[in-house]
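Participant: Handing over query-v5.cif, mmCIF, C-alpha atoms.
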data_upload
#
loop_
_atom_site.label_atom_id
_atom_site.label_comp_id
_atom_site.auth_asym_id
_atom_site.auth_seq_id
_atom_site.Cartn_x
_atom_site.Cartn_y
_atom_site.Cartn_z
CA MET A 1 50.12 24.25 -89.63
CA PRO A 2 48.62 21.69 -92.04
CA SER A 3 45.37 22.69 -93.70
CA ARG A 4 42.27 21.19 -92.14
CA ASP A 5 40.78 21.19 -95.63
CA GLY A 6 43.26 18.52 -96.76
CA PRO A 7 42.73 14.77 -96.81
CA ALA A 8 41.19 13.37 -93.65
CA VAL A 9 43.52 11.49 -91.33
CA VAL A 10 40.57 9.64 -89.75
CA GLU A 11 37.81 8.29 -92.00
CA VAL A 12 34.81 6.48 -90.58
CA ASP A 13 32.29 5.51 -93.23
CA ASP A 14 29.09 3.65 -92.35
CA LEU A 15 30.74 1.84 -89.43
CA VAL A 16 28.75 -1.07 -87.98
CA LYS A 17 29.72 -3.17 -84.97
CA ARG A 18 27.57 -5.92 -83.51
CA TYR A 19 28.81 -8.06 -80.64
CA PRO A 20 28.16 -11.83 -80.64
CA ARG A 21 24.80 -12.87 -79.18
CA SER A 22 23.51 -9.29 -79.38
CA ASP A 23 20.24 -8.44 -81.12
CA THR A 24 21.24 -4.83 -81.87
CA ASN A 25 24.23 -2.99 -83.28
CA ALA A 26 26.50 -1.27 -80.76
CA VAL A 27 27.52 1.04 -83.61
CA ASP A 28 24.94 1.45 -86.32
CA GLY A 29 26.06 3.17 -89.53
CA LEU A 30 28.34 5.82 -88.00
CA SER A 31 30.23 8.20 -90.31
CA PHE A 32 32.59 11.11 -89.66
CA HIS A 33 36.00 12.36 -90.81
CA VAL A 34 38.77 14.15 -88.87
CA ALA A 35 41.33 16.40 -90.57
CA PRO A 36 45.01 16.82 -89.66
CA GLY A 37 45.39 19.38 -86.88
CA GLU A 38 41.74 19.09 -85.83
CA ILE A 39 40.46 18.40 -82.32
CA PHE A 40 37.32 16.30 -82.68
CA GLY A 41 35.03 15.65 -79.71
CA LEU A 42 33.10 12.37 -79.74
CA PHE A 43 30.44 12.71 -77.04
CA GLY A 44 27.55 10.52 -75.95
CA PRO A 45 25.86 8.95 -72.91
CA ASN A 46 27.14 5.77 -71.34
CA GLY A 47 26.45 2.89 -73.71
CA ALA A 48 26.03 5.18 -76.73
CA GLY A 49 28.75 3.44 -78.76
CA LYS A 50 31.70 5.78 -78.16
CA SER A 51 34.02 3.21 -76.62
CA THR A 52 33.16 0.66 -79.29
CA THR A 53 33.87 3.20 -82.03
CA VAL A 54 37.23 4.11 -80.52
CA GLY A 55 37.96 0.40 -80.04
CA VAL A 56 37.56 -0.17 -83.78
CA LEU A 57 39.55 2.95 -84.67
CA THR A 58 42.45 1.84 -82.48
CA THR A 59 42.39 -1.77 -83.83
CA ARG A 60 41.26 -3.24 -80.49
CA LEU A 61 37.97 -4.39 -82.06
CA ARG A 62 37.18 -5.57 -85.56
CA PRO A 63 34.28 -3.89 -87.37
CA THR A 64 31.24 -5.84 -88.50
CA GLY A 65 30.79 -3.58 -91.51
CA GLY A 66 31.81 -0.26 -93.01
CA ARG A 67 35.22 1.27 -93.61
CA VAL A 68 37.64 2.79 -91.09
CA VAL A 69 40.93 4.41 -92.14
CA VAL A 70 43.51 5.98 -89.78
CA GLY A 71 46.56 7.73 -91.20
CA GLY A 72 45.77 6.37 -94.64
CA VAL A 73 45.68 2.75 -93.41
CA ASP A 74 42.60 0.54 -93.35
CA VAL A 75 42.48 -0.64 -89.73
CA ASP A 76 40.73 -3.91 -90.54
CA ARG A 77 43.00 -4.94 -93.42
CA ASP A 78 46.31 -3.85 -91.86
CA PRO A 79 45.94 -3.29 -88.11
CA ALA A 80 49.70 -3.50 -87.38
CA THR A 81 50.52 -0.65 -89.77
CA ALA A 82 47.52 1.34 -88.54
CA ARG A 83 48.76 1.13 -84.94
CA ALA A 84 51.96 2.91 -85.96
CA GLN A 85 49.82 5.89 -87.05
CA LEU A 86 47.99 6.33 -83.77
CA ALA A 87 48.36 6.54 -80.01
CA VAL A 88 45.89 6.06 -77.18
CA VAL A 89 45.77 7.69 -73.76
CA PRO A 90 43.28 5.67 -71.67
CA GLN A 91 41.26 7.02 -68.80
CA HIS A 92 42.94 4.72 -66.27
CA ASN A 93 46.64 4.44 -65.51
CA ASN A 94 48.28 1.62 -67.47
CA LEU A 95 51.91 2.63 -67.04
CA ASP A 96 54.47 -0.13 -66.46
CA ARG A 97 55.26 0.19 -62.75
CA ALA A 98 58.36 -1.96 -63.12
CA LEU A 99 59.96 0.85 -65.15
CA THR A 100 60.86 4.43 -64.29
CA PRO A 101 59.03 7.23 -66.12
CA ARG A 102 61.97 7.71 -68.50
CA GLN A 103 62.16 3.98 -69.17
CA ASN A 104 58.42 3.90 -69.91
CA LEU A 105 58.92 6.48 -72.67
CA VAL A 106 62.01 4.88 -74.16
CA HIS A 107 60.45 1.40 -74.12
CA HIS A 108 57.28 2.66 -75.84
CA ALA A 109 59.26 4.44 -78.55
CA THR A 110 61.52 1.46 -79.32
CA TYR A 111 58.47 -0.82 -79.42
CA HIS A 112 57.21 1.33 -82.30
CA GLY A 113 60.54 1.09 -84.14
CA VAL A 114 62.23 4.30 -83.03
CA PRO A 115 66.04 3.79 -82.78
CA ARG A 116 67.15 3.68 -79.15
CA ARG A 117 69.35 6.78 -79.23
CA GLN A 118 66.57 8.75 -80.89
CA ALA A 119 64.07 7.31 -78.40
CA GLN A 120 66.19 8.49 -75.48
CA ALA A 121 66.48 11.99 -76.91
CA ARG A 122 62.76 12.13 -77.61
CA ALA A 123 61.97 10.94 -74.06
CA GLY A 124 64.09 13.75 -72.63
CA GLU A 125 62.26 16.33 -74.75
CA LEU A 126 58.84 15.06 -73.73
CA LEU A 127 59.73 14.86 -70.04
CA GLU A 128 60.82 18.50 -70.22
CA ARG A 129 57.71 19.57 -72.12
CA PHE A 130 55.39 18.00 -69.53
CA GLY A 131 57.35 19.23 -66.52
CA LEU A 132 58.54 15.76 -65.47
CA THR A 133 62.32 16.02 -65.81
CA GLU A 134 63.00 16.22 -62.07
CA ARG A 135 60.88 13.11 -61.50
CA ALA A 136 62.01 11.19 -64.58
CA ASP A 137 63.99 8.53 -62.72
CA ARG A 138 61.83 8.10 -59.62
CA ARG A 139 59.61 5.15 -58.92
CA LEU A 140 56.10 5.46 -60.34
CA GLU A 141 54.58 4.82 -56.91
CA ALA A 142 55.53 8.40 -56.05
CA TYR A 143 53.47 9.79 -58.94
CA SER A 144 50.11 11.45 -58.28
CA GLY A 145 47.18 10.97 -60.64
CA GLY A 146 48.02 14.22 -62.43
CA LEU A 147 51.65 13.29 -62.91
CA ALA A 148 50.68 9.86 -64.23
CA GLN A 149 48.25 11.44 -66.72
CA ARG A 150 50.95 13.78 -67.99
CA LEU A 151 53.34 10.84 -68.35
CA MET A 152 50.78 8.77 -70.27
CA ILE A 153 50.26 11.60 -72.77
CA ALA A 154 54.03 12.00 -73.11
CA ARG A 155 54.37 8.26 -73.67
CA ALA A 156 51.75 8.33 -76.41
CA LEU A 157 53.75 10.95 -78.32
CA THR A 158 57.12 9.15 -78.37
CA HIS A 159 56.56 7.64 -81.84
CA GLU A 160 55.02 10.87 -83.22
CA PRO A 161 51.57 9.53 -84.13
CA ALA A 162 49.34 11.17 -86.72
CA VAL A 163 46.26 10.66 -84.52
CA LEU A 164 45.96 10.84 -80.73
CA PHE A 165 42.97 9.32 -78.95
CA LEU A 166 42.23 10.77 -75.49
CA ASP A 167 39.70 9.24 -73.12
CA GLU A 168 38.66 11.62 -70.28
CA PRO A 169 42.11 13.26 -70.25
CA THR A 170 41.39 15.66 -67.36
CA ASN A 171 39.13 13.50 -65.19
CA ALA A 172 39.68 14.20 -61.44
CA LEU A 173 42.71 16.42 -62.09
CA ASP A 174 43.52 19.68 -60.31
CA PRO A 175 43.05 22.97 -62.23
CA GLN A 176 46.78 23.48 -62.80
CA THR A 177 47.20 20.05 -64.37
CA ARG A 178 44.10 20.53 -66.52
CA LEU A 179 45.49 23.82 -67.85
CA LEU A 180 48.82 22.17 -68.66
CA ILE A 181 47.17 19.27 -70.49
CA TRP A 182 44.80 21.49 -72.49
CA GLY A 183 47.77 23.69 -73.42
CA GLN A 184 49.73 20.68 -74.65
CA ILE A 185 46.75 19.50 -76.68
CA ARG A 186 46.57 22.90 -78.38
CA GLN A 187 50.26 22.66 -79.24
CA LEU A 188 49.72 19.24 -80.77
CA ARG A 189 46.95 20.69 -82.92
CA GLU A 190 49.36 23.37 -84.16
CA ARG A 191 51.80 20.63 -85.12
CA GLY A 192 49.17 18.93 -87.26
CA VAL A 193 48.27 16.03 -84.95
CA ALA A 194 44.62 15.02 -85.21
CA ILE A 195 43.03 14.48 -81.80
CA VAL A 196 39.90 12.47 -81.05
CA LEU A 197 38.62 13.33 -77.58
CA THR A 198 35.97 11.54 -75.54
CA THR A 199 34.86 13.15 -72.29
CA HIS A 200 31.81 13.90 -70.17
CA ALA A 201 33.27 17.32 -69.21
CA MET A 202 31.87 18.73 -72.42
CA ASN A 203 31.49 22.37 -71.34
CA GLU A 204 35.20 22.39 -70.53
CA ALA A 205 36.05 20.61 -73.77
CA ALA A 206 33.82 22.96 -75.80
CA ARG A 207 36.46 25.67 -75.40
CA LEU A 208 39.01 23.42 -77.07
CA VAL A 209 37.41 21.20 -79.71
CA ASP A 210 36.95 22.31 -83.31
CA ARG A 211 33.95 20.07 -83.99
CA VAL A 212 31.68 17.82 -81.96
CA GLY A 213 29.90 14.63 -82.92
CA ILE A 214 27.18 13.52 -80.49
CA VAL A 215 26.24 9.84 -80.71
CA ASP A 216 23.52 7.77 -79.09
CA HIS A 217 22.39 4.19 -79.69
CA GLY A 218 25.30 3.82 -82.10
CA ARG A 219 24.12 6.58 -84.42
CA LEU A 220 25.43 10.08 -85.07
CA LEU A 221 22.81 12.60 -83.87
CA THR A 222 24.60 15.79 -84.88
CA LEU A 223 27.99 17.04 -86.05
CA ASP A 224 29.11 20.68 -86.05
CA THR A 225 31.19 23.25 -84.22
CA PRO A 226 30.27 23.78 -80.54
CA GLN A 227 29.17 27.35 -81.31
CA ASN A 228 26.82 26.31 -84.12
CA LEU A 229 25.34 23.49 -82.06
CA VAL A 230 24.60 25.71 -79.08
CA ARG A 231 23.18 28.50 -81.22
CA GLY A 232 21.10 26.15 -83.35
CA LEU A 233 19.68 23.83 -80.67
CA ALA A 234 19.83 25.56 -77.27
CA GLY A 235 19.08 29.19 -78.19
CA ASP A 236 20.70 32.53 -77.40
CA ALA A 237 19.97 32.62 -73.67
CA ILE A 238 18.31 30.65 -70.88
CA LEU A 239 15.84 32.01 -68.35
CA ASP A 240 15.21 29.82 -65.30
CA LEU A 241 12.18 30.71 -63.19
CA THR A 242 11.33 29.05 -59.88
CA VAL A 243 7.71 29.83 -59.08
CA THR A 244 4.80 28.75 -56.90
CA PRO A 245 1.63 28.70 -59.02
CA ALA A 246 -1.58 30.07 -57.54
CA ALA A 247 -3.70 27.46 -55.74
CA ALA A 248 -6.27 27.43 -58.56
CA ASP A 249 -3.72 27.41 -61.36
CA ASP A 250 -2.42 24.37 -63.24
CA PRO A 251 1.39 24.13 -63.47
CA ASP A 252 1.23 22.76 -67.02
CA SER A 253 -0.98 25.66 -68.11
CA LEU A 254 1.40 28.13 -66.47
CA GLN A 255 4.35 26.59 -68.30
CA ALA A 256 2.43 26.69 -71.58
CA ALA A 257 1.65 30.38 -71.08
CA LEU A 258 5.33 31.17 -70.59
CA ALA A 259 6.29 29.00 -73.57
CA ALA A 260 3.86 30.94 -75.77
CA LEU A 261 5.70 34.25 -75.27
CA ASP A 262 7.34 35.74 -78.35
CA GLY A 263 11.02 34.89 -78.36
CA VAL A 264 10.71 31.64 -76.39
CA ARG A 265 11.99 28.74 -78.47
CA LYS A 266 10.96 26.02 -76.03
CA SER A 267 10.28 25.37 -72.36
CA GLU A 268 11.03 22.47 -70.04
CA ARG A 269 10.30 21.54 -66.44
CA LEU A 270 13.36 20.87 -64.29
CA ALA A 271 13.81 19.28 -60.89
CA LEU A 272 14.20 21.68 -58.00
CA PRO A 273 17.63 21.89 -56.36
CA THR A 274 18.14 19.67 -53.33
CA GLY A 275 16.38 21.18 -50.35
CA GLY A 276 13.62 22.76 -52.42
CA GLY A 277 14.99 26.28 -52.04
CA GLY A 278 14.92 26.89 -55.77
CA GLY A 279 17.59 29.03 -57.32
CA ARG A 280 20.87 30.40 -56.17
CA PRO A 281 20.67 32.94 -53.34
CA GLY A 282 21.15 36.60 -54.23
CA ALA A 283 22.58 39.35 -52.03
CA ASN A 284 20.64 41.43 -49.46
CA LEU A 285 17.39 39.61 -49.97
CA PRO A 286 14.21 39.90 -47.96
CA PRO A 287 13.18 36.62 -46.31
CA GLY A 288 11.95 33.99 -48.76
CA VAL A 289 13.06 35.78 -51.93
CA ARG A 290 15.87 34.15 -53.93
CA PRO A 291 16.30 35.78 -57.36
CA GLY A 292 19.42 33.87 -58.37
CA ASN A 293 22.00 35.68 -60.47
CA LEU A 294 20.98 38.50 -62.75
CA PRO A 295 24.20 39.23 -64.67
CA PRO A 296 25.31 42.90 -64.75
CA GLY A 297 24.63 43.14 -68.47
CA VAL A 298 21.04 41.99 -67.98
CA ARG A 299 20.50 44.37 -65.08
CA ALA A 300 21.85 47.23 -67.18
CA ALA A 301 19.61 46.31 -70.10
CA LEU A 302 16.56 46.12 -67.87
CA ALA A 303 17.38 49.47 -66.28
CA ALA A 304 17.82 51.07 -69.70
CA ARG A 305 14.47 49.72 -70.90
CA ALA A 306 12.77 50.99 -67.77
CA ALA A 307 14.38 54.43 -68.10
CA ALA A 308 13.20 54.62 -71.71
CA GLY A 309 9.63 53.94 -70.65
CA GLY A 310 9.55 50.32 -71.72
CA GLY A 311 6.18 49.70 -70.08
CA LYS A 312 5.53 46.07 -69.23
CA ALA A 313 8.68 44.94 -71.01
CA GLY A 314 10.83 47.22 -68.86
CA LEU A 315 12.18 46.40 -65.44
CA ALA A 316 14.25 48.56 -63.11
CA ALA A 317 17.54 47.14 -61.84
CA THR A 318 19.17 47.85 -58.52
CA GLY A 319 22.68 47.20 -59.91
CA GLY A 320 23.94 45.07 -57.06
CA GLY A 321 22.48 41.87 -55.74
CA GLY A 322 19.50 41.26 -58.01
CA ASP A 323 17.06 41.89 -55.13
CA LEU A 324 13.45 41.34 -56.27
CA ALA A 325 12.02 43.65 -53.64
CA GLY A 326 14.58 46.31 -54.56
CA LEU A 327 13.79 45.92 -58.25
CA ALA A 328 10.10 46.42 -57.55
CA ALA A 329 10.65 49.37 -55.24
CA THR A 330 12.55 51.34 -57.90
CA GLY A 331 9.35 51.77 -59.86
CA GLY A 332 10.71 50.87 -63.29
CA GLY A 333 8.59 50.08 -66.29
CA LEU A 334 6.61 47.42 -64.45
CA ALA A 335 5.71 49.17 -61.20
CA GLY A 336 3.71 52.36 -61.61
CA ARG A 337 4.63 53.44 -58.08
CA ALA A 338 6.95 52.10 -55.40
CA GLY A 339 5.96 48.65 -54.19
CA ALA A 340 2.78 48.56 -56.28
CA GLY A 341 3.89 46.81 -59.48
CA PRO A 342 3.81 43.20 -60.56
CA LEU A 343 7.34 42.52 -59.35
CA ALA A 344 6.49 43.75 -55.86
CA ALA A 345 3.48 41.45 -55.81
CA LEU A 346 5.65 38.55 -56.92
CA ALA A 347 8.19 39.29 -54.20
CA ASN A 348 5.48 39.56 -51.56
CA GLY A 349 3.95 36.33 -52.81
CA ALA A 350 7.28 34.57 -52.57
CA ARG A 351 7.58 35.67 -48.98
CA SER A 352 4.17 34.38 -48.03
CA ALA A 353 4.22 31.13 -49.99
CA PRO A 354 5.01 28.03 -47.91
CA ASP A 355 8.62 27.14 -48.67
CA GLY A 356 8.77 24.51 -51.42
CA ARG A 357 5.03 23.69 -51.40
CA GLY A 358 3.87 23.40 -55.00
CA ARG A 359 7.02 25.12 -56.22
CA ILE A 360 8.16 24.35 -59.79
CA ARG A 361 11.16 25.26 -61.90
CA ILE A 362 10.63 26.23 -65.53
CA ARG A 363 13.47 26.77 -67.99
CA LEU A 364 12.84 28.91 -71.06
CA HIS A 365 15.22 28.72 -74.03
CA LEU A 366 15.22 32.12 -75.69
CA ALA A 367 15.86 33.42 -79.18
CA GLY A 368 16.77 36.98 -78.35
CA ASP A 369 17.40 39.45 -75.55
CA PRO A 370 16.63 37.96 -72.11
CA ALA A 371 15.88 41.44 -70.73
CA ALA A 372 12.76 41.78 -72.88
CA LEU A 373 11.58 38.24 -72.14
CA LEU A 374 12.06 38.64 -68.39
CA GLY A 375 9.66 41.55 -68.30
CA ALA A 376 7.08 39.65 -70.35
CA ALA A 377 7.48 36.55 -68.16
CA VAL A 378 6.95 38.59 -65.01
CA THR A 379 3.76 40.01 -66.49
CA VAL A 380 2.46 36.48 -67.18
CA LEU A 381 3.28 35.33 -63.65
CA THR A 382 1.66 38.38 -62.08
CA GLY A 383 -1.50 37.95 -64.14
CA ARG A 384 -1.80 34.38 -62.86
CA SER A 385 -0.99 35.31 -59.23
CA ALA A 386 2.10 33.12 -59.21
CA ALA A 387 4.81 33.72 -56.59
CA LEU A 388 8.32 34.11 -58.03
CA ALA A 389 11.05 32.61 -55.83
CA ALA A 390 14.10 32.69 -58.09
CA ILE A 391 15.38 34.06 -61.38
CA ASP A 392 18.45 32.76 -63.13
CA VAL A 393 19.57 34.19 -66.47
CA GLY A 394 22.44 32.50 -68.26
CA GLU A 395 23.92 31.37 -71.54
CA PRO A 396 23.21 27.93 -73.01
CA SER A 397 26.06 25.44 -73.18
CA LEU A 398 27.11 22.35 -75.06
CA GLU A 399 25.76 20.31 -72.17
CA ASP A 400 22.30 21.80 -72.85
CA VAL A 401 22.59 20.61 -76.45
CA PHE A 402 23.65 17.17 -75.24
CA ILE A 403 20.63 16.91 -72.91
CA GLU A 404 18.32 18.17 -75.64
CA LEU A 405 19.44 15.40 -77.99
CA THR A 406 19.91 12.48 -75.61
CA GLY A 407 17.43 13.23 -72.81
CA ARG A 408 17.74 13.69 -69.05
CA ALA A 409 17.20 10.08 -68.00
CA PRO A 410 20.38 8.51 -66.57
CA ARG A 411 21.90 5.55 -68.44
#
Turn this file's structure into structure tokens for me.
Facilitator:
Amino acid sequence: MPSRDGPAVVEVDDLVKRYPRSDTNAVDGLSFHVAPGEIFGLFGPNGAGKSTTVGVLTTRLRPTGGRVVVGGVDVDRDPATARAQLAVVPQHNNLDRALTPRQNLVHHATYHGVPRRQAQARAGELLERFGLTERADRRLEAYSGGLAQRLMIARALTHEPAVLFLDEPTNALDPQTRLLIWGQIRQLRERGVAIVLTTHAMNEAARLVDRVGIVDHGRLLTLDTPQNLVRGLAGDAILDLTVTPAAADDPDSLQAALAALDGVRKSERLALPTGGGGGRPGANLPPGVRPGNLPPGVRAALAARAAAGGGKAGLAATGGGGDLAGLAATGGGLAGRAGAGPLAALANGARSAPDGRGRIRIRLHLAGDPAALLGAAVTVLTGRSAALAAIDVGEPSLEDVFIELTGRAPR
């Protein structure tokens, strides 16, 4: 496999693109490099400048300023030669319906200068690799969306490009087709093909890409591996609490109190799920109590802390459904006797609170063990007579990083 420390196969240096009659730059000083055999994710909201950037890289648009090189060729000075170094798989089907699948591949290869006999052999190999041999000579009208997507990727590879651009490659595809396409992309990486991927399915793509660049308003906001981005911006864990503040309490003050706990990196207020129920339902719950999903590892950690006499930071776990009433009844480090501790009070409060009235959802981004923070958060809520309706403990994702950098407002 070629070294990813070698010369970049994609070089974008201070790229600027301004459309005629526009007062602002669609791309405003963007810079990044992609190495051979690297999968690079270019993510951003609608209108962030992704499509314009890819348009310049693939010679469809001319840059206003800066330097863009693909496969060692300056795309502005020599677009024809640059096109031989790259291939594009668009989001929407643009196959030639007048040709069979095999003819589509052969025609594309010969267009790029591949001798016809070699093009036919290469088409056969690609049809086999993408599981299309049996359908190679059928009419395209018989192809599903997944089959068409596989054929478009195969077509893009017929002239063996150095760089492959993929726009939403798995959009609206079934799980089997997605697995096949991701597997083929990994094989291309092993062969040294550089891949530039744009998609809104970033949590899915995070398992595949080597690095991610997030852009907005034409500028690069961050560039790193998915793991470093999540760890650096979103924290180690996420604790979602759906609560009903006491009648005399101020929701902003309650959120501030939770945000002030040691180990909380930041807090944010989220919209309640549709219907106002707040949180995902747990198993075997008393009426009105919805603790969400306490993962087994968290339950085990809480149980261990309680068994060790963790005091207010401890919390007993029932080991099954994450039942708040059951957690309280076990005594644990929070409840001095069955049913008497803060968690029992929270569960009782959740039962008596009018469903959805005054209910808020607070997300805490944590820098550390969620088990310890959950106990501390429960203590805060109990001291303020807040009713806890749902708990959800999870891991942060690349999508959390994306929202952190670009905001929640739709574009």
Participant: Please expand the PyMOL selection byres ((chain A and resi 40-51) around 7) into the concrete residues it hits in this file, giving the result as a list in words.
Facilitator: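 When the PyMOL selection byres ((chain A and resi 40-51) around 7) is applied, the selected residues are Ala26, Val27, Val34, Glu38, Ile39, Thr52, Thr53, Val54, Gly55, Ile195, Val196, Leu197, Thr198, Thr199, Val209, Asp210, Arg211, Val212, Gly213, Ile214, Val215, Asp216, His217, Gly218 and Arg411 of chain A.
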Participant: Generate a file of the selected residues that holds C-alpha atoms, formatted as a PDB file, in the coordinates of the input.
Facilitator:
ATOM      1  CA  ALA A  26      26.500  -1.270 -80.760  1.00  0.00           C
ATOM      2  CA  VAL A  27      27.520   1.040 -83.610  1.00  0.00           C
ATOM      3  CA  VAL A  34      38.770  14.150 -88.870  1.00  0.00           C
ATOM      4  CA  GLU A  38      41.740  19.090 -85.830  1.00  0.00           C
ATOM      5  CA  ILE A  39      40.460  18.400 -82.320  1.00  0.00           C
ATOM      6  CA  THR A  52      33.160   0.660 -79.290  1.00  0.00           C
ATOM      7  CA  THR A  53      33.870   3.200 -82.030  1.00  0.00           C
ATOM      8  CA  VAL A  54      37.230   4.110 -80.520  1.00  0.00           C
ATOM      9  CA  GLY A  55      37.960   0.400 -80.040  1.00  0.00           C
ATOM     10  CA  ILE A 195      43.030  14.480 -81.800  1.00  0.00           C
ATOM     11  CA  VAL A 196      39.900  12.470 -81.050  1.00  0.00           C
ATOM     12  CA  LEU A 197      38.620  13.330 -77.580  1.00  0.00           C
ATOM     13  CA  THR A 198      35.970  11.540 -75.540  1.00  0.00           C
ATOM     14  CA  THR A 199      34.860  13.150 -72.290  1.00  0.00           C
ATOM     15  CA  VAL A 209      37.410  21.200 -79.710  1.00  0.00           C
ATOM     16  CA  ASP A 210      36.950  22.310 -83.310  1.00  0.00           C
ATOM     17  CA  ARG A 211      33.950  20.070 -83.990  1.00  0.00           C
ATOM     18  CA  VAL A 212      31.680  17.820 -81.960  1.00  0.00           C
ATOM     19  CA  GLY A 213      29.900  14.630 -82.920  1.00  0.00           C
ATOM     20  CA  ILE A 214      27.180  13.520 -80.490  1.00  0.00           C
ATOM     21  CA  VAL A 215      26.240   9.840 -80.710  1.00  0.00           C
ATOM     22  CA  ASP A 216      23.520   7.770 -79.090  1.00  0.00           C
ATOM     23  CA  HIS A 217      22.390   4.190 -79.690  1.00  0.00           C
ATOM     24  CA  GLY A 218      25.300   3.820 -82.100  1.00  0.00           C
ATOM     25  CA  ARG A 411      21.900   5.550 -68.440  1.00  0.00           C
TER      26      ARG A 411
END
Participant: Which residues, written as a VMD selection string, have at least one atom at most 9 Å from range 68-83 of chain A, with all atoms listed in the file counted and residues fewer than 5 positions away on the same chain left out?
Facilitator: chain A and resid 8 to 15 56 to 63 112 161 to 163
Participant: Env of Gln255 in chain A: 9 Å cut, atoms = all atoms listed in the file, seq-sep filter 5 positions within chain, self excluded. Answer as a short mmCIF file (atom, residue, chain, number, x, y, z; two decimals) with C-alpha atoms, in the coordinates of the input.
Facilitator:
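Saved file selection.cif follows:
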data_model
loop_
_atom_site.label_atom_id
_atom_site.label_comp_id
_atom_site.auth_asym_id
_atom_site.auth_seq_id
_atom_site.Cartn_x
_atom_site.Cartn_y
_atom_site.Cartn_z
CA ASP A 250 -2.42 24.37 -63.24
CA ALA A 260 3.86 30.94 -75.77
CA SER A 267 10.28 25.37 -72.36
CA GLU A 268 11.03 22.47 -70.04
CA ARG A 269 10.30 21.54 -66.44
CA ILE A 362 10.63 26.23 -65.53
#
Participant: Using only C-alpha atoms, which of A:Thr170, A:Gln118, A:Thr100, A:Thr24 sits nearest Arg135 in chain A?
Facilitator: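 Of A:Thr170, A:Gln118, A:Thr100, A:Thr24, the one nearest Arg135 in chain A, counting only C-alpha atoms, is A:Thr100.
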Participant: Using the chain letters and numbering of this document, enumerate as JSON, numbers by chain the residues selected by the PyMOL selection byres ((chain A and resi 381) around 10).
Facilitator: {"A": [243, 244, 245, 246, 254, 255, 257, 258, 342, 343, 345, 346, 376, 377, 378, 379, 380, 382, 383, 384, 385, 386, 387, 388]}
Participant: Expressed in Å to a single decimal, how great is the separation between CA of Leu229 in chain A and CA of Leu272 in chain A?
Facilitator: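 Computing it gives 26.6 Å between the two atoms.
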Participant: Selected by the PyMOL selection byres ((chain A and resi 202) around 9) in the shown coordinates: which residues, as a PyMOL selection string?
Facilitator: chain A and resi 41+43+198-201+203-207+397-399+402
Participant: Keeping only C-alpha atoms, write those residues as a PDB file, keeping the file's coordinate frame.
Facilitator:
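The file below, part22.pdb, is the result:
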ATOM      1  CA  GLY A  41      35.030  15.650 -79.710  1.00  0.00           C
ATOM      2  CA  PHE A  43      30.440  12.710 -77.040  1.00  0.00           C
ATOM      3  CA  THR A 198      35.970  11.540 -75.540  1.00  0.00           C
ATOM      4  CA  THR A 199      34.860  13.150 -72.290  1.00  0.00           C
ATOM      5  CA  HIS A 200      31.810  13.900 -70.170  1.00  0.00           C
ATOM      6  CA  ALA A 201      33.270  17.320 -69.210  1.00  0.00           C
ATOM      7  CA  ASN A 203      31.490  22.370 -71.340  1.00  0.00           C
ATOM      8  CA  GLU A 204      35.200  22.390 -70.530  1.00  0.00           C
ATOM      9  CA  ALA A 205      36.050  20.610 -73.770  1.00  0.00           C
ATOM     10  CA  ALA A 206      33.820  22.960 -75.800  1.00  0.00           C
ATOM     11  CA  ARG A 207      36.460  25.670 -75.400  1.00  0.00           C
ATOM     12  CA  SER A 397      26.060  25.440 -73.180  1.00  0.00           C
ATOM     13  CA  LEU A 398      27.110  22.350 -75.060  1.00  0.00           C
ATOM     14  CA  GLU A 399      25.760  20.310 -72.170  1.00  0.00           C
ATOM     15  CA  PHE A 402      23.650  17.170 -75.240  1.00  0.00           C
TER      16      PHE A 402
END
Participant: Just give me the gap between CA of Lys266 in chain A and CA of Asp249 in chain A in Å, one decimal is fine.
Facilitator: 20.8 Å
Participant: Given the choices A:Gln227, A:Arg219, A:Glu125, A:Ala119, which gets closest to Val16 in chain A if the distance is worked out from only C-alpha atoms?
Facilitator: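 For Val16 in chain A, the nearest of the given residues is A:Arg219.
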Participant: For Gly368 in chain A, which of A:Asp392, A:Asp262, A:Asp400, A:Asp137 is the closest residue, counting only C-alpha atoms?
Facilitator: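 Of A:Asp392, A:Asp262, A:Asp400, A:Asp137, the one nearest Gly368 in chain A, counting only C-alpha atoms, is A:Asp262.
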Participant: Could you check which of A:Arg102, A:Ala372, A:His33, A:Ala87 is closest to Asp167 in chain A, using all atoms listed in the file?
Facilitator: A:Ala87
Participant: Between CA of Arg186 in chain A and CA of Ala148 in chain A, what is the distance, to one decimal in Å?
Facilitator: 19.7 Å
Participant: Please determine, counting only C-alpha atoms, which residue among A:Asp224, A:Leu373, A:Gln184, A:Arg122 has the shortest atom-to-atom distance to Leu261 in chain A.
Facilitator: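 Going through A:Asp224, A:Leu373, A:Gln184, A:Arg122 one by one, the smallest distance to Leu261 in chain A is for A:Leu373.
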Participant: With distances taken over all atoms listed in the file, which of A:Ile391, A:Ala367, A:Leu239, A:Ala98 is nearest to Leu140 in chain A?
Facilitator: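 Of all the options, A:Ala98 lies closest to Leu140 in chain A.
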Participant: Could you give me, as a ChimeraX atom specification, the residues within 7 Å of Glu395 in chain A, counting all atoms listed in the file and dropping anything in the same chain fewer than 6 positions from it?
Facilitator: /A:236-238
Participant: If we draw a sphere of 6 Å around (26.0, 8.5, -87.3), which residues have at least one atom in it when counting all atoms listed in the file? Please report them as a PyMOL selection string.
Facilitator: chain A and resi 29-31+219-220
Participant: Just write the chosen residues, C-alpha atoms, as an mmCIF file, in the coordinates of the input.
Facilitator:
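Output below, filename again-v8.cif:
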data_model
loop_
_atom_site.group_PDB
_atom_site.id
_atom_site.type_symbol
_atom_site.label_atom_id
_atom_site.label_comp_id
_atom_site.auth_asym_id
_atom_site.auth_seq_id
_atom_site.Cartn_x
_atom_site.Cartn_y
_atom_site.Cartn_z
ATOM 1 C CA GLY A 29 26.060 3.170 -89.530
ATOM 2 C CA LEU A 30 28.340 5.820 -88.000
ATOM 3 C CA SER A 31 30.230 8.200 -90.310
ATOM 4 C CA ARG A 219 24.120 6.580 -84.420
ATOM 5 C CA LEU A 220 25.430 10.080 -85.070
#
